[in-house]
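What's in coords_9.cif: mmCIF, C-alpha atoms and all ligand atoms
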data_work
#
loop_
_atom_site.label_atom_id
_atom_site.label_comp_id
_atom_site.auth_asym_id
_atom_site.auth_seq_id
_atom_site.Cartn_x
_atom_site.Cartn_y
_atom_site.Cartn_z
CA MET A 1 27.35 27.54 -7.96
CA THR A 2 27.27 27.14 -4.18
CA TRP A 3 25.53 29.89 -2.23
CA GLN A 4 27.53 32.73 -0.72
CA ASN A 5 25.96 35.16 1.73
CA ILE A 6 26.44 38.80 0.77
CA ILE A 7 27.83 41.75 2.73
CA MET A 8 27.31 44.99 0.83
CA GLN A 9 28.73 48.40 1.57
CA GLY A 10 27.00 51.45 0.13
CA ASP A 11 23.63 53.14 0.00
CA CYS A 12 21.03 50.39 0.15
CA LEU A 13 19.17 51.95 -2.78
CA ASP A 14 22.17 51.18 -4.99
CA ALA A 15 22.65 47.78 -3.34
CA ILE A 16 19.05 46.81 -4.08
CA LYS A 17 19.39 47.93 -7.73
CA LYS A 18 22.45 45.71 -8.02
CA LEU A 19 20.66 42.75 -6.44
CA LYS A 20 17.50 43.08 -8.51
CA PRO A 21 18.42 41.02 -11.59
CA GLU A 22 19.34 37.99 -9.45
CA PHE A 23 17.04 38.37 -6.43
CA ARG A 24 13.75 39.78 -7.75
CA ASN A 25 10.90 37.92 -5.91
CA LYS A 26 13.44 35.68 -4.10
CA ILE A 27 13.79 37.05 -0.56
CA LYS A 28 11.61 35.62 2.22
CA ILE A 29 12.18 38.19 4.96
CA ILE A 30 13.36 41.77 4.81
CA TYR A 31 13.89 43.25 8.27
CA ILE A 32 15.03 46.85 8.45
CA ASP A 33 15.86 49.09 11.36
CA PRO A 34 16.50 52.37 9.53
CA PRO A 35 17.13 55.82 11.00
CA PHE A 36 14.04 56.83 13.00
CA PHE A 37 14.12 60.61 12.25
CA SER A 38 15.35 61.04 15.81
CA GLY A 39 17.57 64.08 15.18
CA THR A 40 20.57 62.37 16.82
CA ASP A 41 24.11 61.42 15.81
CA TYR A 42 24.96 57.85 16.78
CA CYS A 43 28.23 56.23 17.70
CA LEU A 44 30.01 53.00 18.47
CA LYS A 45 31.47 52.79 21.95
CA LYS A 46 34.78 51.08 21.37
CA LYS A 47 37.20 49.95 24.03
CA THR A 48 40.62 51.18 23.02
CA SER A 49 42.85 49.65 25.70
CA ASP A 50 42.84 46.08 27.00
CA SER A 51 39.19 45.19 26.45
CA SER A 52 39.18 42.58 29.21
CA HIS A 53 40.03 45.25 31.79
CA VAL A 54 37.05 46.74 33.61
CA SER A 55 38.45 50.26 33.42
CA ALA A 56 39.35 49.98 29.72
CA GLU A 57 39.21 53.30 27.92
CA VAL A 58 36.12 53.75 25.76
CA LYS A 59 36.17 55.92 22.64
CA ASP A 60 33.08 57.14 20.78
CA ILE A 61 33.34 56.52 17.04
CA GLN A 62 30.68 58.27 14.96
CA THR A 63 28.62 55.73 13.01
CA TYR A 64 25.64 57.46 11.43
CA SER A 65 23.69 60.65 11.61
CA ASP A 66 19.92 60.74 11.88
CA LYS A 67 19.65 64.50 11.25
CA TRP A 68 17.82 65.73 8.18
CA ASP A 69 18.42 69.24 6.79
CA GLY A 70 15.33 68.93 4.62
CA GLY A 71 13.19 67.88 7.61
CA LEU A 72 10.49 65.26 7.59
CA GLU A 73 9.84 65.66 3.86
CA GLU A 74 13.43 64.72 3.00
CA TYR A 75 13.36 61.76 5.38
CA LEU A 76 10.10 60.38 4.00
CA GLU A 77 11.34 60.72 0.42
CA PHE A 78 14.53 58.86 1.40
CA MET A 79 12.48 56.04 2.94
CA ARG A 80 9.85 55.85 0.19
CA SER A 81 12.36 55.24 -2.60
CA ARG A 82 14.19 52.57 -0.61
CA LEU A 83 11.02 50.80 0.54
CA GLU A 84 9.66 50.75 -3.02
CA ALA A 85 12.92 49.26 -4.26
CA MET A 86 13.25 46.56 -1.59
CA ILE A 87 9.69 45.33 -1.96
CA SER A 88 10.48 44.13 -5.48
CA LEU A 89 12.94 41.64 -3.96
CA LEU A 90 10.35 39.98 -1.71
CA SER A 91 8.99 36.58 -2.74
CA LYS A 92 5.22 36.06 -2.99
CA GLU A 93 5.27 34.40 0.47
CA GLY A 94 7.68 37.00 1.83
CA SER A 95 7.29 39.64 4.52
CA LEU A 96 8.67 43.06 5.35
CA TRP A 97 9.41 44.04 8.96
CA VAL A 98 10.08 47.76 9.47
CA HIS A 99 11.42 48.67 12.89
CA LEU A 100 10.66 52.27 13.94
CA ASP A 101 9.37 54.27 16.87
CA PHE A 102 6.93 57.08 17.60
CA HIS A 103 8.82 59.64 15.46
CA VAL A 104 7.69 58.39 12.05
CA ALA A 105 6.02 54.96 12.32
CA HIS A 106 2.62 56.41 11.38
CA TYR A 107 3.94 58.22 8.30
CA ILE A 108 5.75 55.08 7.14
CA LYS A 109 2.57 53.04 7.74
CA VAL A 110 0.74 55.30 5.27
CA ILE A 111 3.55 55.00 2.71
CA LEU A 112 3.58 51.20 3.07
CA ASP A 113 -0.21 51.05 2.72
CA GLU A 114 0.20 52.93 -0.54
CA ILE A 115 2.99 50.83 -2.00
CA LEU A 116 2.14 47.38 -0.61
CA GLY A 117 -1.62 47.72 -0.13
CA TYR A 118 -3.57 48.19 3.11
CA GLU A 119 -4.81 44.60 2.84
CA ASN A 120 -1.24 43.31 3.19
CA PHE A 121 -0.71 44.98 6.56
CA VAL A 122 -0.41 42.21 9.16
CA ASN A 123 0.60 43.71 12.51
CA GLN A 124 1.89 46.63 14.43
CA ILE A 125 4.18 44.95 16.92
CA ILE A 126 5.01 46.79 20.11
CA TRP A 127 8.41 45.89 21.50
CA ARG A 128 9.21 47.14 25.01
CA ARG A 129 12.74 48.34 24.43
CA THR A 130 13.46 49.74 27.87
CA ASN A 131 12.33 49.09 31.42
CA SER A 132 13.25 52.58 32.58
CA PRO A 133 11.80 55.29 30.31
CA LYS A 134 13.16 58.80 30.75
CA ALA A 135 10.92 61.13 32.75
CA GLN A 136 9.37 63.87 30.58
CA SER A 137 8.16 67.31 31.57
CA LYS A 138 5.18 66.82 29.24
CA GLY A 139 3.42 63.65 28.24
CA PHE A 140 4.84 60.23 29.01
CA GLY A 141 8.25 58.60 28.78
CA THR A 142 8.66 56.37 25.73
CA GLN A 143 9.19 52.72 26.45
CA HIS A 144 8.49 50.99 23.18
CA ASP A 145 9.49 50.65 19.54
CA ILE A 146 7.06 49.79 16.75
CA ILE A 147 7.62 47.08 14.17
CA LEU A 148 5.32 47.27 11.15
CA LEU A 149 4.79 43.87 9.57
CA TYR A 150 3.55 43.60 5.98
CA ALA A 151 3.07 40.58 3.75
CA LYS A 152 4.01 40.85 0.10
CA ASP A 153 0.78 39.00 -0.63
CA ILE A 154 -1.43 38.27 2.37
CA SER A 155 -3.02 35.25 0.66
CA ALA A 156 0.36 33.52 0.36
CA PHE A 157 1.83 34.61 3.69
CA SER A 158 1.90 32.48 6.83
CA THR A 159 3.64 32.50 10.19
CA LYS A 160 4.43 29.81 12.71
CA THR A 161 2.77 30.31 16.09
CA VAL A 162 5.42 31.50 18.48
CA TYR A 163 5.24 30.69 22.17
CA ARG A 164 6.82 32.43 25.10
CA LYS A 165 7.74 30.90 28.43
CA TYR A 166 5.16 30.88 31.20
CA ASP A 167 5.44 33.66 33.69
CA GLU A 168 4.34 33.44 37.31
CA LYS A 169 0.84 34.79 36.62
CA SER A 170 0.07 32.36 33.81
CA LEU A 171 1.38 29.44 35.89
CA ARG A 172 -1.10 30.10 38.69
CA PRO A 173 -3.96 27.94 37.29
CA TYR A 174 -1.57 24.95 37.16
CA SER A 175 -2.07 24.39 40.86
CA TYR A 176 -2.90 20.65 40.75
CA GLU A 177 -0.36 17.88 40.62
CA ASP A 178 -0.33 14.12 40.15
CA GLU A 179 2.32 11.53 39.25
CA ARG A 180 2.51 12.94 35.67
CA GLY A 181 3.18 16.50 36.85
CA ARG A 182 1.46 19.88 37.24
CA PHE A 183 -1.91 20.39 35.59
CA ARG A 184 -4.87 22.74 35.43
CA LEU A 185 -8.56 21.96 34.99
CA ILE A 186 -10.48 22.46 31.76
CA GLU A 187 -14.30 22.49 31.83
CA ILE A 188 -16.00 19.65 30.03
CA GLU A 189 -19.52 20.83 30.88
CA ALA A 190 -21.26 23.68 29.06
CA GLN A 191 -21.11 26.92 31.05
CA GLY A 192 -23.21 30.10 30.86
CA ILE A 193 -24.05 30.99 27.25
CA GLN A 194 -22.80 27.57 26.10
CA ARG A 195 -25.94 26.14 27.74
CA THR A 196 -28.03 26.59 24.62
CA GLU A 197 -31.47 25.07 24.36
CA GLY A 198 -30.53 22.34 21.91
CA ARG A 199 -27.58 21.04 23.99
CA ARG A 200 -28.08 17.44 24.98
CA THR A 201 -27.77 16.52 28.66
CA PHE A 202 -26.77 12.96 29.52
CA GLU A 203 -25.63 10.87 32.42
CA TRP A 204 -21.94 9.92 32.54
CA ARG A 205 -20.28 8.14 35.49
CA GLY A 206 -23.02 9.12 37.90
CA ARG A 207 -23.35 12.78 36.89
CA THR A 208 -26.00 14.17 34.55
CA ALA A 209 -24.81 17.37 32.84
CA PRO A 210 -24.77 19.26 29.50
CA TYR A 211 -21.40 17.82 28.41
CA LEU A 212 -19.37 19.57 25.72
CA TYR A 213 -18.03 16.28 24.39
CA ARG A 214 -19.48 12.98 23.24
CA ARG A 215 -19.68 10.01 25.62
CA GLU A 216 -17.02 8.09 23.59
CA THR A 217 -14.56 10.98 23.92
CA LEU A 218 -15.14 11.19 27.67
CA ASP A 219 -14.66 7.39 28.00
CA LYS A 220 -11.39 7.64 26.06
CA TRP A 221 -10.09 10.44 28.31
CA TRP A 222 -11.15 8.46 31.38
CA GLU A 223 -9.11 5.47 30.09
CA GLU A 224 -6.13 7.76 29.52
CA GLY A 225 -6.35 9.03 33.11
CA ILE A 226 -6.83 12.67 32.11
CA ILE A 227 -10.24 13.19 33.74
CA TYR A 228 -10.19 14.81 37.17
CA GLU A 229 -12.98 13.86 39.56
CA SER A 230 -13.73 16.36 42.33
CA ARG A 231 -15.03 15.37 45.77
CA ASN A 232 -18.59 16.25 44.77
CA LYS A 233 -18.29 14.06 41.61
CA ARG A 234 -17.87 16.85 39.14
CA TYR A 235 -15.57 16.09 36.21
CA SER A 236 -12.99 18.23 34.40
CA LYS A 237 -10.19 17.53 31.98
CA LYS A 238 -6.57 17.74 33.12
CA GLN A 239 -4.26 19.89 31.04
CA TYR A 240 -0.65 19.12 31.89
CA LEU A 241 1.91 21.90 31.88
CA GLU A 242 4.47 19.69 30.11
CA ASP A 243 2.09 19.25 27.14
CA MET A 244 1.76 23.01 26.64
CA PRO A 245 4.34 24.69 24.42
CA GLY A 246 4.01 28.03 26.30
CA ILE A 247 1.86 31.11 25.87
CA PRO A 248 1.16 32.15 22.26
CA VAL A 249 2.89 35.44 21.56
CA SER A 250 0.67 38.41 20.67
CA ASP A 251 1.64 41.71 19.06
CA LEU A 252 2.83 42.98 22.44
CA TRP A 253 6.44 41.88 22.90
CA LEU A 254 7.33 42.47 26.52
CA ASP A 255 9.48 39.41 27.00
CA ILE A 256 12.57 40.39 24.99
CA PRO A 257 14.85 42.53 27.14
CA PRO A 258 17.05 45.27 25.71
CA ILE A 259 20.78 44.60 25.43
CA GLN A 260 22.72 45.43 28.56
CA GLY A 261 26.27 46.76 28.43
CA SER A 262 27.36 43.64 30.29
CA SER A 263 25.63 41.20 27.92
CA LYS A 264 27.70 38.87 25.73
CA GLU A 265 26.18 40.11 22.50
CA TYR A 266 26.77 43.82 23.24
CA THR A 267 29.06 45.39 20.66
CA GLY A 268 28.97 49.03 21.76
CA PHE A 269 26.85 49.96 18.71
CA ILE A 270 24.30 52.29 20.29
CA THR A 271 21.24 51.20 18.28
CA GLN A 272 22.05 47.47 18.30
CA LYS A 273 18.95 45.26 18.61
CA PRO A 274 18.82 42.05 20.68
CA GLU A 275 19.45 38.77 18.92
CA LYS A 276 16.29 37.32 20.54
CA LEU A 277 14.18 39.85 18.63
CA LEU A 278 15.59 38.74 15.29
CA GLU A 279 15.36 35.08 16.31
CA ARG A 280 11.62 35.48 16.84
CA ILE A 281 11.10 37.22 13.49
CA ILE A 282 13.23 34.82 11.48
CA ASP A 283 11.80 31.76 13.22
CA CYS A 284 8.15 32.64 12.69
CA ALA A 285 8.28 33.84 9.07
CA SER A 286 10.95 31.73 7.37
CA GLY A 287 12.38 28.25 7.36
CA GLY A 288 15.18 26.08 5.97
CA GLN A 289 17.52 28.02 3.74
CA ASP A 290 15.21 30.94 2.98
CA ILE A 291 16.96 34.22 2.27
CA VAL A 292 16.79 36.92 4.96
CA ALA A 293 17.93 40.47 4.16
CA ASP A 294 18.67 43.61 6.15
CA PHE A 295 19.49 46.82 4.27
CA PHE A 296 20.24 48.97 7.35
CA ALA A 297 22.46 46.45 9.06
CA GLY A 298 24.20 48.50 11.77
CA SER A 299 26.08 46.02 13.93
CA GLY A 300 24.85 43.09 11.80
CA THR A 301 22.42 41.46 14.23
CA THR A 302 20.19 40.09 11.43
CA SER A 303 23.03 38.36 9.57
CA VAL A 304 24.50 36.87 12.75
CA VAL A 305 21.14 35.41 13.80
CA ALA A 306 20.23 34.27 10.27
CA GLN A 307 23.58 32.50 9.99
CA ARG A 308 23.11 30.76 13.34
CA MET A 309 19.63 29.64 12.28
CA GLY A 310 20.89 28.16 9.01
CA ARG A 311 19.25 30.75 6.73
CA ARG A 312 20.97 32.41 3.77
CA TRP A 313 21.41 36.14 4.19
CA ILE A 314 22.19 39.47 2.54
CA THR A 315 23.20 42.48 4.58
CA CYS A 316 24.04 46.07 3.72
CA ASP A 317 25.20 49.24 5.43
CA TRP A 318 26.88 52.31 4.07
CA SER A 319 29.15 52.91 7.04
CA GLU A 320 32.71 51.57 7.13
CA VAL A 321 32.47 51.21 10.93
CA SER A 322 29.38 48.98 10.59
CA ILE A 323 30.90 46.79 7.91
CA GLU A 324 34.01 46.19 10.05
CA LEU A 325 31.83 45.40 13.06
CA ILE A 326 29.62 42.99 11.07
CA GLN A 327 32.69 41.18 9.73
CA SER A 328 34.19 40.86 13.18
CA ARG A 329 30.90 39.59 14.70
CA LEU A 330 30.62 36.99 11.95
CA LYS A 331 34.23 35.96 12.48
CA GLY A 332 33.49 35.51 16.19
CA LEU A 333 30.51 33.33 15.34
CA GLU A 334 32.57 31.31 12.85
CA GLU A 335 35.20 30.66 15.51
CA SER A 336 32.68 29.71 18.17
CA VAL A 337 30.84 27.18 15.98
CA LYS A 338 34.01 26.10 14.14
CA ASP A 339 32.20 26.25 10.81
CA PRO A 340 33.37 28.52 7.99
CA ILE A 341 30.82 31.12 6.86
CA LYS A 342 30.63 31.48 3.10
CA SER A 343 30.20 35.12 2.20
CA ARG A 344 31.32 37.67 -0.35
CA PHE A 345 31.84 41.39 0.02
CA VAL A 346 30.38 43.78 -2.54
CA ARG A 347 31.05 47.52 -2.55
CA VAL A 348 28.37 49.51 -4.33
CA SER A 349 28.57 53.06 -5.52
CA SER A 350 25.87 55.42 -6.70
CA THR A 351 24.60 54.75 -10.21
CA LYS A 352 22.28 56.92 -12.25
CA GLU A 353 19.07 55.25 -13.57
C1 LIG A 401 19.45 51.74 13.59
S1 LIG A 401 20.90 51.23 12.82
C2 LIG A 401 20.65 49.51 12.61
C3 LIG A 401 20.94 48.72 13.86
C4 LIG A 401 20.84 47.23 13.67
N1 LIG A 401 19.48 46.77 13.59
C5 LIG A 401 21.56 46.47 14.77
O1 LIG A 401 20.99 45.59 15.42
O2 LIG A 401 22.72 46.78 14.99
C6 LIG A 401 20.69 51.92 11.21
C7 LIG A 401 21.84 51.68 10.28
O3 LIG A 401 21.44 52.12 8.98
C8 LIG A 401 22.58 52.59 8.27
N2 LIG A 401 22.13 53.38 7.13
C9 LIG A 401 21.52 54.59 7.14
N3 LIG A 401 21.19 54.96 5.89
C10 LIG A 401 21.61 53.97 5.06
C11 LIG A 401 21.53 53.76 3.66
N4 LIG A 401 20.98 54.65 2.85
N5 LIG A 401 22.04 52.62 3.15
C12 LIG A 401 22.61 51.70 3.96
N6 LIG A 401 22.71 51.84 5.30
C13 LIG A 401 22.21 52.96 5.85
C14 LIG A 401 23.38 53.33 9.33
O4 LIG A 401 24.73 53.45 8.96
C15 LIG A 401 23.13 52.47 10.57
O5 LIG A 401 24.20 51.57 10.74
#

Let me see whether you can do it: turn the structure in this file into structure tokens.
Amino acid sequence: MTWQNIIMQGDCLDAIKKLKPEFRNKIKIIYIDPPFFSGTDYCLKKKTSDSSHVSAEVKDIQTYSDKWDGGLEEYLEFMRSRLEAMISLLSKEGSLWVHLDFHVAHYIKVILDEILGYENFVNQIIWRRTNSPKAQSKGFGTQHDIILLYAKDISAFSTKTVYRKYDEKSLRPYSYEDERGRFRLIEIEAQGIQRTEGRRTFEWRGRTAPYLYRRETLDKWWEEGIIYESRNKRYSKKQYLEDMPGIPVSDLWLDIPPIQGSSKEYTGFITQKPEKLLERIIDCASGGQDIVADFFAGSGTTSVVAQRMGRRWITCDWSEVSIELIQSRLKGLEESVKDPIKSRFVRVSSTKE
């Protein structure tokens, strides 16, 4: 049977139970952005009059509540059961990305260490989610979210190196230019502690030095025109900007801006995450038609990005407002790319074990 993506409405614990027989050990990425234990009620800001008009009326529609009568204990129990369930769906090479913030990230880290194993913890990613933190009377304004990344099995897990665009500071060393373009200089002579006793010094093109490379390699680079000769006959290797894919991304994600109200992808869903964030995650930890799942879908960012990137996807949320929003975002995508999206809708209700 041809694949159909899945939109599920209901508690994700029930959704996962329903998926288990078919999808056990099959999912490559699970990204979740669950309630953060923030003590807040969230809404969707929906334009009710002509949406193209600047002064269109905006109505707040309640989406989900992140208030817990039973306090932290109730919240952690809620998360533990759902995390345990979803992990069974991950493939051996799969990964789990749990998006949180300062409220509970450290408690969830301990729970995940228990259920997935400390050795499978890969990263704590810091995403700068706002450029203007609120001033606080005590302590410091919060500017970042935390994404905990775990592998199902660290020995089978891999990621693609992700690069970000050069910024002004990192472009500074590329201050040289020739007919091939901008370049920077790379040392080819041993420096400082590289000047070990055993290092051979030899003469090459009139300069005797402790070279880091063999004579044949230096000759080859000379032929290729990628050796730079300074006025005092010191040699370096040219590294051209156009040959560099960018700066490798670390666990500090400062280059993905939050969604602005004026941005094209903004839906009015208050906790909506930027598509660029999901693009990075899906790109580095999956490929081809791998399955990507999100069990706290909200406005459906994960499914929209997964669809655009050609992945198969499963998405779930228990709120009617979210499901309608996800369906309308997917419809918008379908219309813009003029390619029908194959998906089925499944409503799940609570089942006893
Ligand atoms: C922070 S939002 C997700 C936002 C999303 N990442 C986006 O980009 O729009 C969390 C979502 O989890 C949903 N949710 C909370 N508890 C749930 C549960 N037990 N099962 C399914 N969805 C749930 C809420 O309705 C809410 O839409």

Can you tell me which residues surround Arg80 in chain A at a distance of at most 9 Å, considering only C-alpha atoms, apart from same-chain residues fewer than 4 positions away, and format the answer as a PyMOL selection string? chain A and resi 75-76+84-85+108+111-112+115

With all atoms listed in the file counted, collect every polymer residue having an atom within 8 Å of ligand LIG 401 (chain A); state the result as a ChimeraX atom specification. /A:9-13,32-36,63-66,78,82,269-275,295-302,316-319,322

Proximity to Thr161 in chain A - best of A:Leu185, A:Val249, A:Ile282, A:Ile6, all atoms listed in the file: A:Val249

Rounded to one decimal in Å, what is the spacing between CA of Val346 in chain A and CA of Trp313 in chain A?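 These two atoms are separated by 13.6 Å.
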
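Between CA of Ser91 in chain A and CA of Ile154 in chain A lies a distance of 11.7 Å.
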
What lies within 8 Å of Ser236 in chain A using only C-alpha atoms, ignoring chain neighbours under 3 positions off, as a PyMOL selection string? chain A and resi 185-189+227-229

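If you look at CA of Leu254 in chain A and CA of Arg164 in chain A, they are 10.2 Å away from each other.
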
Do a neighbour search on Asn25 in chain A at 8 Å with all atoms listed in the file, toss out local chain neighbours closer than 4 positions, and write the hits as a ChimeraX atom specification. /A:88-92
